[in-house]
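Have a look at data_8.cif; it's mmCIF, C-alpha atoms:
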data_target
#
loop_
_atom_site.group_PDB
_atom_site.id
_atom_site.type_symbol
_atom_site.label_atom_id
_atom_site.label_comp_id
_atom_site.auth_asym_id
_atom_site.auth_seq_id
_atom_site.Cartn_x
_atom_site.Cartn_y
_atom_site.Cartn_z
ATOM 1 C CA MET N 1 -17.856 21.209 -11.706
ATOM 2 C CA CYS N 2 -14.234 20.606 -12.698
ATOM 3 C CA ASP N 3 -12.438 23.154 -14.874
ATOM 4 C CA GLU N 4 -12.416 23.125 -18.675
ATOM 5 C CA GLN N 5 -8.884 21.722 -19.026
ATOM 6 C CA THR N 6 -9.607 18.810 -16.693
ATOM 7 C CA GLN N 7 -12.870 18.109 -18.493
ATOM 8 C CA LYS N 8 -10.985 17.869 -21.800
ATOM 9 C CA LEU N 9 -8.625 15.311 -20.254
ATOM 10 C CA LEU N 10 -11.589 13.243 -19.160
ATOM 11 C CA ASP N 11 -13.428 13.580 -22.472
ATOM 12 C CA LEU N 12 -10.438 12.263 -24.445
ATOM 13 C CA ALA N 13 -11.492 8.784 -23.375
ATOM 14 C CA ASN N 14 -15.030 9.313 -24.760
ATOM 15 C CA GLY N 15 -16.454 9.140 -21.278
ATOM 16 C CA GLN N 16 -15.759 10.090 -17.718
ATOM 17 C CA ARG N 17 -12.457 8.230 -17.543
ATOM 18 C CA PRO N 18 -8.815 9.289 -18.098
ATOM 19 C CA PRO N 19 -7.048 8.404 -21.396
ATOM 20 C CA GLY N 20 -4.906 5.702 -19.817
ATOM 21 C CA SER N 21 -7.961 3.643 -18.916
ATOM 22 C CA ARG N 22 -8.910 2.836 -22.534
ATOM 23 C CA LEU N 23 -8.896 -0.872 -23.329
ATOM 24 C CA VAL N 24 -7.164 -2.469 -26.319
ATOM 25 C CA ILE N 25 -10.577 -3.518 -27.595
ATOM 26 C CA GLU N 26 -11.503 0.178 -27.824
ATOM 27 C CA GLN N 27 -8.470 1.362 -29.790
ATOM 28 C CA GLY N 28 -6.709 -1.573 -31.504
ATOM 29 C CA SER N 29 -7.011 -3.084 -34.969
ATOM 30 C CA PHE N 30 -9.598 -5.758 -35.775
ATOM 31 C CA GLY N 31 -7.006 -8.513 -35.346
ATOM 32 C CA SER N 32 -5.830 -7.234 -31.979
ATOM 33 C CA ARG N 33 -9.403 -6.861 -30.790
ATOM 34 C CA LEU N 34 -10.253 -10.410 -31.845
ATOM 35 C CA TRP N 35 -7.144 -11.786 -30.119
ATOM 36 C CA TRP N 36 -8.015 -9.804 -26.994
ATOM 37 C CA VAL N 37 -11.506 -11.364 -26.903
ATOM 38 C CA VAL N 38 -10.078 -14.870 -27.367
ATOM 39 C CA LYS N 39 -7.439 -14.671 -24.654
ATOM 40 C CA ALA N 40 -9.400 -12.585 -22.102
ATOM 41 C CA PRO N 41 -11.227 -15.557 -20.489
ATOM 42 C CA PHE N 42 -7.997 -17.582 -20.330
ATOM 43 C CA ARG N 43 -6.114 -14.707 -18.669
ATOM 44 C CA THR N 44 -8.979 -14.201 -16.218
ATOM 45 C CA LEU N 45 -8.929 -17.891 -15.347
ATOM 46 C CA MET N 46 -5.147 -17.798 -14.972
ATOM 47 C CA CYS N 47 -5.227 -14.785 -12.635
ATOM 48 C CA LEU N 48 -7.966 -16.242 -10.450
ATOM 49 C CA SER N 49 -6.340 -19.665 -10.315
ATOM 50 C CA LEU N 50 -2.921 -18.198 -9.430
ATOM 51 C CA VAL N 51 -4.323 -16.320 -6.436
ATOM 52 C CA THR N 52 -6.462 -19.277 -5.344
ATOM 53 C CA VAL N 53 -3.567 -21.729 -5.557
ATOM 54 C CA PHE N 54 -1.273 -19.336 -3.740
ATOM 55 C CA PHE N 55 -3.906 -18.782 -1.062
ATOM 56 C CA ALA N 56 -3.844 -22.515 -0.302
ATOM 57 C CA THR N 57 -0.036 -22.618 -0.569
ATOM 58 C CA TYR N 58 0.374 -19.666 1.794
ATOM 59 C CA PHE N 59 -1.557 -21.283 4.612
ATOM 60 C CA GLY N 60 -0.060 -24.648 3.754
ATOM 61 C CA PHE N 61 3.368 -23.232 4.606
ATOM 62 C CA MET N 62 2.178 -21.076 7.512
ATOM 63 C CA LEU N 63 0.341 -23.773 9.456
ATOM 64 C CA PRO N 64 3.518 -25.827 10.188
ATOM 65 C CA VAL N 65 5.218 -22.734 11.681
ATOM 66 C CA MET N 66 2.181 -21.424 13.552
ATOM 67 C CA TRP N 67 3.759 -22.592 16.798
ATOM 68 C CA ALA N 68 6.586 -20.075 16.277
ATOM 69 C CA ARG N 69 4.291 -17.024 16.355
ATOM 70 C CA THR N 70 4.490 -16.987 20.166
ATOM 71 C CA ILE N 71 7.766 -18.650 21.081
ATOM 72 C CA TRP N 72 9.919 -17.710 18.053
ATOM 73 C CA PRO N 73 8.172 -14.769 16.336
ATOM 74 C CA ARG N 74 11.196 -13.708 14.295
ATOM 75 C CA LEU N 75 11.087 -17.048 12.462
ATOM 76 C CA TYR N 76 7.334 -16.818 11.992
ATOM 77 C CA TRP N 77 7.357 -13.319 10.507
ATOM 78 C CA PHE N 78 10.378 -14.109 8.338
ATOM 79 C CA VAL N 79 8.555 -17.049 6.727
ATOM 80 C CA GLU N 80 5.335 -15.038 6.481
ATOM 81 C CA GLY N 81 7.163 -12.099 4.889
ATOM 82 C CA LYS N 82 8.751 -14.293 2.234
ATOM 83 C CA LEU N 83 5.381 -15.779 1.309
ATOM 84 C CA TYR N 84 3.792 -12.321 1.285
ATOM 85 C CA ARG N 85 6.436 -11.072 -1.131
ATOM 86 C CA TRP N 86 5.842 -14.049 -3.419
ATOM 87 C CA LEU N 87 2.118 -13.325 -3.367
ATOM 88 C CA GLN N 88 2.882 -9.805 -4.576
ATOM 89 C CA SER N 89 5.017 -11.203 -7.381
ATOM 90 C CA PHE N 90 2.111 -13.410 -8.486
ATOM 91 C CA ILE N 91 -0.152 -10.351 -8.711
ATOM 92 C CA ALA N 92 2.603 -8.334 -10.386
ATOM 93 C CA TYR N 93 2.770 -11.065 -13.030
ATOM 94 C CA TRP N 94 -0.717 -10.092 -14.200
ATOM 95 C CA GLY N 95 0.638 -6.898 -15.697
ATOM 96 C CA TYR N 96 3.563 -8.691 -17.310
ATOM 97 C CA THR N 97 1.329 -11.248 -19.018
ATOM 98 C CA ALA N 98 -0.829 -8.374 -20.281
ATOM 99 C CA GLY N 99 2.204 -6.924 -22.061
ATOM 100 C CA TYR N 100 3.156 -4.153 -19.637
ATOM 101 C CA ASP N 101 6.748 -3.478 -18.612
ATOM 102 C CA VAL N 102 7.484 -1.204 -15.663
ATOM 103 C CA TYR N 103 10.385 1.256 -15.835
ATOM 104 C CA GLU N 104 11.594 3.381 -12.925
ATOM 105 C CA TYR N 105 13.358 6.712 -13.203
ATOM 106 C CA GLY N 106 14.271 9.507 -10.850
ATOM 107 C CA ASP N 107 16.185 9.624 -7.584
ATOM 108 C CA ASP N 108 17.855 6.536 -6.149
ATOM 109 C CA VAL N 109 15.660 5.259 -3.309
ATOM 110 C CA THR N 110 18.045 2.518 -2.187
ATOM 111 C CA THR N 111 18.680 4.093 1.208
ATOM 112 C CA TYR N 112 14.951 4.428 1.847
ATOM 113 C CA TYR N 113 14.109 0.747 1.479
ATOM 114 C CA ARG N 114 17.333 -0.375 3.125
ATOM 115 C CA ASP N 115 17.666 1.908 6.151
ATOM 116 C CA GLU N 116 14.529 4.051 6.545
ATOM 117 C CA ARG N 117 10.853 3.861 7.456
ATOM 118 C CA VAL N 118 8.698 5.209 4.630
ATOM 119 C CA LEU N 119 5.137 6.451 4.181
ATOM 120 C CA MET N 120 4.414 5.901 0.488
ATOM 121 C CA MET N 121 1.464 7.818 -0.973
ATOM 122 C CA CYS N 122 0.307 6.788 -4.453
ATOM 123 C CA ASN N 123 -1.706 8.765 -6.983
ATOM 124 C CA HIS N 124 -4.623 6.362 -7.497
ATOM 125 C CA GLN N 125 -5.594 6.276 -11.188
ATOM 126 C CA SER N 126 -7.016 2.769 -11.647
ATOM 127 C CA THR N 127 -7.004 -0.795 -10.327
ATOM 128 C CA ALA N 128 -3.814 -1.358 -12.338
ATOM 129 C CA ASP N 129 -1.959 0.751 -9.771
ATOM 130 C CA VAL N 130 -1.812 -2.195 -7.372
ATOM 131 C CA PRO N 131 -0.056 -4.803 -9.595
ATOM 132 C CA THR N 132 2.215 -2.033 -10.918
ATOM 133 C CA LEU N 133 3.244 -1.076 -7.407
ATOM 134 C CA MET N 134 3.764 -4.713 -6.469
ATOM 135 C CA THR N 135 6.044 -5.078 -9.489
ATOM 136 C CA VAL N 136 8.103 -2.099 -8.300
ATOM 137 C CA LEU N 137 8.343 -3.537 -4.771
ATOM 138 C CA GLN N 138 10.002 -6.740 -5.946
ATOM 139 C CA ASN N 139 13.447 -5.116 -6.082
ATOM 140 C CA LYS N 140 13.060 -3.024 -2.931
ATOM 141 C CA GLY N 141 14.781 -5.396 -0.527
ATOM 142 C CA VAL N 142 13.016 -6.094 2.754
ATOM 143 C CA ALA N 143 10.427 -3.379 2.016
ATOM 144 C CA SER N 144 8.557 -5.814 -0.234
ATOM 145 C CA ARG N 145 7.850 -8.184 2.664
ATOM 146 C CA LYS N 146 7.659 -5.582 5.433
ATOM 147 C CA THR N 147 4.989 -3.371 3.916
ATOM 148 C CA LEU N 148 1.762 -2.402 5.618
ATOM 149 C CA TRP N 149 -0.994 -1.687 3.101
ATOM 150 C CA LEU N 150 -4.034 0.461 3.818
ATOM 151 C CA MET N 151 -6.938 -0.628 1.639
ATOM 152 C CA ASP N 152 -10.710 -0.462 1.473
ATOM 153 C CA VAL N 153 -12.646 -2.832 3.705
ATOM 154 C CA MET N 154 -14.317 -4.388 0.631
ATOM 155 C CA PHE N 155 -11.084 -6.331 0.004
ATOM 156 C CA ARG N 156 -10.945 -7.894 3.479
ATOM 157 C CA TRP N 157 -12.501 -11.223 2.491
ATOM 158 C CA THR N 158 -10.789 -11.646 -0.881
ATOM 159 C CA PRO N 159 -7.901 -14.159 -0.983
ATOM 160 C CA PHE N 160 -5.378 -11.305 -0.911
ATOM 161 C CA GLY N 161 -7.313 -9.591 1.862
ATOM 162 C CA ILE N 162 -7.337 -12.671 4.096
ATOM 163 C CA ILE N 163 -3.582 -13.059 3.647
ATOM 164 C CA GLY N 164 -3.118 -9.313 4.172
ATOM 165 C CA ASN N 165 -5.123 -9.474 7.386
ATOM 166 C CA ASN N 166 -2.762 -12.131 8.710
ATOM 167 C CA HIS N 167 0.208 -10.046 7.536
ATOM 168 C CA GLY N 168 -1.019 -6.969 9.408
ATOM 169 C CA ASP N 169 -2.531 -4.804 6.653
ATOM 170 C CA TYR N 170 -5.331 -2.419 7.606
ATOM 171 C CA PHE N 171 -8.792 -2.249 6.032
ATOM 172 C CA ILE N 172 -10.471 1.152 6.141
ATOM 173 C CA GLN N 173 -14.227 1.654 6.381
ATOM 174 C CA GLN N 174 -14.845 4.838 4.397
ATOM 175 C CA GLY N 175 -17.623 7.314 5.064
ATOM 176 C CA LYS N 176 -18.351 10.335 7.221
ATOM 177 C CA ALA N 177 -20.189 8.276 9.843
ATOM 178 C CA THR N 178 -17.121 6.158 10.650
ATOM 179 C CA ARG N 179 -14.304 8.607 9.851
ATOM 180 C CA ASP N 180 -13.298 9.594 13.395
ATOM 181 C CA LYS N 181 -13.681 6.074 14.742
ATOM 182 C CA GLU N 182 -11.589 4.670 11.896
ATOM 183 C CA LEU N 183 -8.716 7.036 12.634
ATOM 184 C CA VAL N 184 -8.654 5.874 16.260
ATOM 185 C CA ARG N 185 -8.699 2.239 15.111
ATOM 186 C CA LEU N 186 -5.921 2.935 12.590
ATOM 187 C CA LYS N 187 -3.653 4.457 15.244
ATOM 188 C CA LYS N 188 -4.285 1.503 17.560
ATOM 189 C CA HIS N 189 -3.521 -0.912 14.723
ATOM 190 C CA LEU N 190 -0.235 0.840 13.956
ATOM 191 C CA HIS N 191 0.586 0.896 17.657
ATOM 192 C CA ASP N 192 0.074 -2.871 17.872
ATOM 193 C CA VAL N 193 1.577 -3.921 14.528
ATOM 194 C CA PHE N 194 4.051 -1.506 12.954
ATOM 195 C CA TRP N 195 6.939 -1.694 15.413
ATOM 196 C CA ASP N 196 6.232 -5.144 16.833
ATOM 197 C CA ARG N 197 6.431 -6.740 13.371
ATOM 198 C CA ASP N 198 9.265 -4.474 12.183
ATOM 199 C CA ARG N 199 7.350 -2.926 9.293
ATOM 200 C CA ARG N 200 9.267 -0.569 6.990
ATOM 201 C CA TRP N 201 6.822 0.934 4.462
ATOM 202 C CA VAL N 202 3.229 2.060 4.949
ATOM 203 C CA ILE N 203 1.446 2.223 1.580
ATOM 204 C CA LEU N 204 -1.544 4.519 1.302
ATOM 205 C CA PHE N 205 -3.793 5.745 -1.499
ATOM 206 C CA PRO N 206 -4.635 9.079 0.132
ATOM 207 C CA GLU N 207 -7.209 10.139 -2.461
ATOM 208 C CA GLY N 208 -9.599 7.457 -1.234
ATOM 209 C CA GLY N 209 -10.653 6.439 -4.751
ATOM 210 C CA PHE N 210 -10.002 6.717 -8.471
ATOM 211 C CA TYR N 211 -9.034 10.047 -10.024
ATOM 212 C CA TYR N 212 -11.861 10.239 -12.540
ATOM 213 C CA LYS N 213 -14.461 9.669 -9.822
ATOM 214 C CA ARG N 214 -13.048 12.218 -7.385
ATOM 215 C CA VAL N 215 -11.581 15.039 -9.462
ATOM 216 C CA GLU N 216 -14.777 17.102 -9.740
ATOM 217 C CA SER N 217 -15.535 17.170 -6.016
ATOM 218 C CA SER N 218 -11.813 17.628 -5.261
ATOM 219 C CA GLN N 219 -11.485 20.752 -7.392
ATOM 220 C CA SER N 220 -14.712 22.165 -5.999
ATOM 221 C CA TYR N 221 -13.505 21.587 -2.437
ATOM 222 C CA GLY N 222 -10.064 23.040 -3.211
ATOM 223 C CA LYS N 223 -11.548 26.185 -4.728
ATOM 224 C CA LYS N 224 -13.860 26.671 -1.757
ATOM 225 C CA ASN N 225 -11.058 26.303 0.799
ATOM 226 C CA GLY N 226 -8.210 28.010 -1.057
ATOM 227 C CA PHE N 227 -6.163 24.868 -1.771
ATOM 228 C CA PRO N 228 -3.948 24.481 -4.885
ATOM 229 C CA HIS N 229 -5.773 23.755 -8.130
ATOM 230 C CA LEU N 230 -4.702 20.277 -9.276
ATOM 231 C CA LEU N 231 -5.176 18.825 -12.775
ATOM 232 C CA TYR N 232 -3.680 15.339 -12.641
ATOM 233 C CA THR N 233 -4.425 14.310 -9.085
ATOM 234 C CA THR N 234 -7.016 14.984 -6.425
ATOM 235 C CA LEU N 235 -6.600 16.490 -2.988
ATOM 236 C CA PRO N 236 -5.633 13.783 -0.480
ATOM 237 C CA ARG N 237 -7.694 12.918 2.583
ATOM 238 C CA MET N 238 -5.291 13.995 5.295
ATOM 239 C CA GLY N 239 -6.894 12.180 8.242
ATOM 240 C CA ALA N 240 -5.121 8.851 7.679
ATOM 241 C CA VAL N 241 -1.811 10.547 6.814
ATOM 242 C CA LYS N 242 -1.943 12.603 10.004
ATOM 243 C CA ALA N 243 -2.803 9.527 12.103
ATOM 244 C CA ILE N 244 0.116 7.572 10.615
ATOM 245 C CA LEU N 245 2.627 10.361 11.210
ATOM 246 C CA GLU N 246 1.403 10.880 14.771
ATOM 247 C CA GLU N 247 1.759 7.210 15.613
ATOM 248 C CA VAL N 248 4.900 6.075 13.780
ATOM 249 C CA GLY N 249 6.425 9.277 12.400
ATOM 250 C CA PRO N 250 9.573 10.998 13.694
ATOM 251 C CA ARG N 251 9.356 12.600 17.113
ATOM 252 C CA THR N 252 9.794 16.326 17.615
ATOM 253 C CA GLU N 253 11.249 18.463 20.359
ATOM 254 C CA ASP N 254 7.801 18.772 21.935
ATOM 255 C CA ASP N 255 7.605 15.020 22.525
ATOM 256 C CA ASP N 256 9.086 14.954 26.027
ATOM 257 C CA GLU N 257 7.822 11.505 26.938
ATOM 258 C CA PRO N 258 8.427 8.356 24.919
ATOM 259 C CA ARG N 259 5.395 6.793 23.293
ATOM 260 C CA GLU N 260 3.844 3.773 24.871
ATOM 261 C CA ARG N 261 4.039 0.628 22.798
ATOM 262 C CA SER N 262 2.294 -2.683 23.095
ATOM 263 C CA ASN N 263 4.045 -5.601 24.761
ATOM 264 C CA SER N 264 6.118 -7.329 22.090
ATOM 265 C CA LYS N 265 7.500 -10.808 22.006
ATOM 266 C CA LEU N 266 10.307 -9.401 19.882
ATOM 267 C CA LYS N 267 12.003 -7.798 22.895
ATOM 268 C CA LEU N 268 15.446 -7.563 21.340
ATOM 269 C CA LEU N 269 14.073 -6.171 18.089
ATOM 270 C CA LYS N 270 11.931 -3.595 19.901
ATOM 271 C CA ASP N 271 14.859 -2.367 21.984
ATOM 272 C CA THR N 272 17.074 -2.138 18.918
ATOM 273 C CA VAL N 273 14.497 -0.196 16.914
ATOM 274 C CA GLY N 274 13.901 2.111 19.859
ATOM 275 C CA ALA N 275 17.617 2.811 20.159
ATOM 276 C CA ILE N 276 17.847 3.607 16.457
ATOM 277 C CA ARG N 277 14.925 6.012 16.693
ATOM 278 C CA GLU N 278 16.399 7.715 19.746
ATOM 279 C CA LYS N 279 19.801 8.054 18.098
ATOM 280 C CA LYS N 280 18.253 9.566 14.988
ATOM 281 C CA TYR N 281 16.153 11.920 17.114
ATOM 282 C CA VAL N 282 19.135 13.200 19.072
ATOM 283 C CA LYS N 283 21.127 13.622 15.872
ATOM 284 C CA GLU N 284 18.364 15.691 14.265
ATOM 285 C CA ILE N 285 18.075 17.901 17.351
ATOM 286 C CA GLY N 286 21.841 18.531 17.277
ATOM 287 C CA GLU N 287 21.776 19.444 13.606
ATOM 288 C CA ASN N 288 18.851 21.833 14.054
ATOM 289 C CA SER N 289 20.230 23.590 17.144
#

Show me this structure written as structure tokens.
Amino acid sequence: MCDEQTQKLLDLANGQRPPGSRLVIEQGSFGSRLWWVVKAPFRTLMCLSLVTVFFATYFGFMLPVMWARTIWPRLYWFVEGKLYRWLQSFIAYWGYTAGYDVYEYGDDVTTYYRDERVLMMCNHQSTADVPTLMTVLQNKGVASRKTLWLMDVMFRWTPFGIIGNNHGDYFIQQGKATRDKELVRLKKHLHDVFWDRDRRWVILFPEGGFYYKRVESSQSYGKKNGFPHLLYTTLPRMGAVKAILEEVGPRTEDDDEPRERSNSKLKLLKDTVGAIREKKYVKEIGENS
């Protein structure tokens, strides 16, 4: 069982869900509720039609440049990245049309999306996390089109999932029976995709599910194993994080031999990225010695 304070947070929503998940129809005036009921089917139709139309548009633009995937891959992935970013903006528009504005505050992350490779881990509260994150990515330079998303396998055959599969996103099969095998497959996928396609950000929801569904088992597991007691997030599943860092993370002094990488058509790009990594590695060793 989760602790008393966490239970109060969950009970505020008159159910087993956090306060932020309450719908307008549950808390608004009669007029706002009526307007919500009237426009809900139109917004649903709009969202579905936007993704469907973009799905056709995406492949309509990609088919004419399919020849470039082998003989001019930089052109192919540039066009694909632009379309992928526009797809994210379409999904981000869902939140805007629902009346949500996204504000950012905190440290300036300009250098991270301009010059660095980033593993981004998101506290997964609800389905709204995805369009919110896609809204934030729109002003993150090349990171918005050079992301690699890790998502549940159930999304593989949705319109976004099919496009994501072509982009190089990874679909995880959750469960104890497939856990070890999935980590091996994830590392192989990163080995084949991350550097060859010049990806910048890996986006991961490390909790593996929504907060309100996982918090009870998370706190029980944390108490049993001596981990920190968390109120507003759950303990992350570290397997995927560890696999990502082992495959594409910074090298340490113990890494005497360079990692093997798959044969890339982007020879110049691969050599350049490798040189940058080596330069950064040597610099870090000098600073730490």

Among the residues N:Val37, N:Ile244, N:Ile71, N:Leu87, the one that comes closest to Tyr58 (chain N) [using all atoms listed in the file]: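 Between N:Val37, N:Ile244, N:Ile71, N:Leu87, the residue approaching Tyr58 (chain N) most closely is N:Leu87.
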
Which residue of N:Tyr96, N:Trp77, N:Lys213, N:Ile91 approaches Lys146 (chain N) most closely, using all atoms listed in the file: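 The answer is N:Trp77, which sits nearest to Lys146 (chain N).
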
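Taking CA of Tyr212 (chain N) and CA of His229 (chain N) as endpoints, the distance between them is 15.5 Å.
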
Gap from CA of Gln88 (chain N) to CA of Ala40 (chain N) - Å, one decimal: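 For CA of Gln88 (chain N) relative to CA of Ala40 (chain N), the distance reads 21.6 Å.
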
Can you tell me which residues surround Thr110 (chain N) at a distance of at most 12 Å, considering all atoms listed in the file, apart from same-chain residues fewer than 4 positions away, and format the answer as a short mmCIF file (atom, residue, chain, number, x, y, z; two decimals) with C-alpha atoms, keeping the file's coordinate frame?
data_model
loop_
_atom_site.label_atom_id
_atom_site.label_comp_id
_atom_site.auth_asym_id
_atom_site.auth_seq_id
_atom_site.Cartn_x
_atom_site.Cartn_y
_atom_site.Cartn_z
CA GLY N 106 14.27 9.51 -10.85
CA ARG N 114 17.33 -0.38 3.12
CA ASP N 115 17.67 1.91 6.15
CA GLU N 116 14.53 4.05 6.54
CA VAL N 118 8.70 5.21 4.63
CA LEU N 137 8.34 -3.54 -4.77
CA ASN N 139 13.45 -5.12 -6.08
CA LYS N 140 13.06 -3.02 -2.93
CA GLY N 141 14.78 -5.40 -0.53
CA VAL N 142 13.02 -6.09 2.75
CA ALA N 143 10.43 -3.38 2.02
#

So that I can check the surroundings of Tyr93 (chain N), please list as a JSON list (two decimals) with C-alpha atoms, keeping the file's coordinate frame every protein, DNA and RNA residue that reaches within 9 Å of it, counting only C-alpha atoms and ignoring chain neighbours fewer than 4 positions away.
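After the write, part02.json holds the following:
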[["chain", "number", "residue", "atom", "x", "y", "z"],
["N", 47, "CYS", "CA", -5.23, -14.78, -12.64],
["N", 88, "GLN", "CA", 2.88, -9.80, -4.58],
["N", 89, "SER", "CA", 5.02, -11.20, -7.38],
["N", 97, "THR", "CA", 1.33, -11.25, -19.02],
["N", 98, "ALA", "CA", -0.83, -8.37, -20.28],
["N", 131, "PRO", "CA", -0.06, -4.80, -9.60],
["N", 135, "THR", "CA", 6.04, -5.08, -9.49]]

Could you give me region 221-235 of chain N completed to N, CA, C and O atoms, formatted as a PDB file, in the coordinates of the input?
ATOM      1  N   TYR N 221     -13.898  21.419  -3.840  1.00  0.00           N
ATOM      2  CA  TYR N 221     -13.505  21.587  -2.437  1.00  0.00           C
ATOM      3  C   TYR N 221     -12.259  22.463  -2.321  1.00  0.00           C
ATOM      4  O   TYR N 221     -12.162  23.321  -1.444  1.00  0.00           O
ATOM      5  N   GLY N 222     -11.290  22.250  -3.228  1.00  0.00           N
ATOM      6  CA  GLY N 222     -10.064  23.040  -3.211  1.00  0.00           C
ATOM      7  C   GLY N 222     -10.328  24.514  -3.469  1.00  0.00           C
ATOM      8  O   GLY N 222      -9.738  25.389  -2.823  1.00  0.00           O
ATOM      9  N   LYS N 223     -11.210  24.791  -4.416  1.00  0.00           N
ATOM     10  CA  LYS N 223     -11.548  26.185  -4.728  1.00  0.00           C
ATOM     11  C   LYS N 223     -12.240  26.859  -3.551  1.00  0.00           C
ATOM     12  O   LYS N 223     -11.970  28.020  -3.228  1.00  0.00           O
ATOM     13  N   LYS N 224     -13.105  26.126  -2.888  1.00  0.00           N
ATOM     14  CA  LYS N 224     -13.860  26.671  -1.757  1.00  0.00           C
ATOM     15  C   LYS N 224     -12.959  26.982  -0.573  1.00  0.00           C
ATOM     16  O   LYS N 224     -13.179  27.952   0.163  1.00  0.00           O
ATOM     17  N   ASN N 225     -11.905  26.158  -0.379  1.00  0.00           N
ATOM     18  CA  ASN N 225     -11.058  26.303   0.799  1.00  0.00           C
ATOM     19  C   ASN N 225      -9.684  26.897   0.505  1.00  0.00           C
ATOM     20  O   ASN N 225      -8.823  26.928   1.392  1.00  0.00           O
ATOM     21  N   GLY N 226      -9.461  27.344  -0.729  1.00  0.00           N
ATOM     22  CA  GLY N 226      -8.210  28.010  -1.057  1.00  0.00           C
ATOM     23  C   GLY N 226      -7.019  27.082  -1.213  1.00  0.00           C
ATOM     24  O   GLY N 226      -5.870  27.522  -1.069  1.00  0.00           O
ATOM     25  N   PHE N 227      -7.261  25.807  -1.553  1.00  0.00           N
ATOM     26  CA  PHE N 227      -6.163  24.868  -1.771  1.00  0.00           C
ATOM     27  C   PHE N 227      -5.671  24.953  -3.215  1.00  0.00           C
ATOM     28  O   PHE N 227      -6.376  25.481  -4.087  1.00  0.00           O
ATOM     29  N   PRO N 228      -4.471  24.429  -3.510  1.00  0.00           N
ATOM     30  CA  PRO N 228      -3.948  24.481  -4.885  1.00  0.00           C
ATOM     31  C   PRO N 228      -4.881  23.788  -5.872  1.00  0.00           C
ATOM     32  O   PRO N 228      -5.519  22.789  -5.544  1.00  0.00           O
ATOM     33  N   HIS N 229      -4.941  24.332  -7.078  1.00  0.00           N
ATOM     34  CA  HIS N 229      -5.773  23.755  -8.130  1.00  0.00           C
ATOM     35  C   HIS N 229      -4.964  22.653  -8.821  1.00  0.00           C
ATOM     36  O   HIS N 229      -3.923  22.910  -9.424  1.00  0.00           O
ATOM     37  N   LEU N 230      -5.436  21.426  -8.757  1.00  0.00           N
ATOM     38  CA  LEU N 230      -4.702  20.277  -9.276  1.00  0.00           C
ATOM     39  C   LEU N 230      -5.405  19.711 -10.507  1.00  0.00           C
ATOM     40  O   LEU N 230      -6.633  19.581 -10.529  1.00  0.00           O
ATOM     41  N   LEU N 231      -4.622  19.365 -11.541  1.00  0.00           N
ATOM     42  CA  LEU N 231      -5.176  18.825 -12.775  1.00  0.00           C
ATOM     43  C   LEU N 231      -5.075  17.305 -12.851  1.00  0.00           C
ATOM     44  O   LEU N 231      -5.988  16.640 -13.325  1.00  0.00           O
ATOM     45  N   TYR N 232      -3.950  16.749 -12.407  1.00  0.00           N
ATOM     46  CA  TYR N 232      -3.680  15.339 -12.641  1.00  0.00           C
ATOM     47  C   TYR N 232      -3.790  14.477 -11.380  1.00  0.00           C
ATOM     48  O   TYR N 232      -3.481  13.296 -11.408  1.00  0.00           O
ATOM     49  N   THR N 233      -4.202  15.073 -10.311  1.00  0.00           N
ATOM     50  CA  THR N 233      -4.425  14.310  -9.085  1.00  0.00           C
ATOM     51  C   THR N 233      -5.502  15.023  -8.281  1.00  0.00           C
ATOM     52  O   THR N 233      -5.889  16.146  -8.610  1.00  0.00           O
ATOM     53  N   THR N 234      -6.007  14.368  -7.271  1.00  0.00           N
ATOM     54  CA  THR N 234      -7.016  14.984  -6.425  1.00  0.00           C
ATOM     55  C   THR N 234      -6.420  15.287  -5.059  1.00  0.00           C
ATOM     56  O   THR N 234      -5.369  14.768  -4.697  1.00  0.00           O
ATOM     57  N   LEU N 235      -7.085  16.148  -4.322  1.00  0.00           N
ATOM     58  CA  LEU N 235      -6.600  16.490  -2.988  1.00  0.00           C
ATOM     59  C   LEU N 235      -6.684  15.263  -2.079  1.00  0.00           C
ATOM     60  O   LEU N 235      -7.706  14.579  -2.043  1.00  0.00           O
TER      61      LEU N 235
END
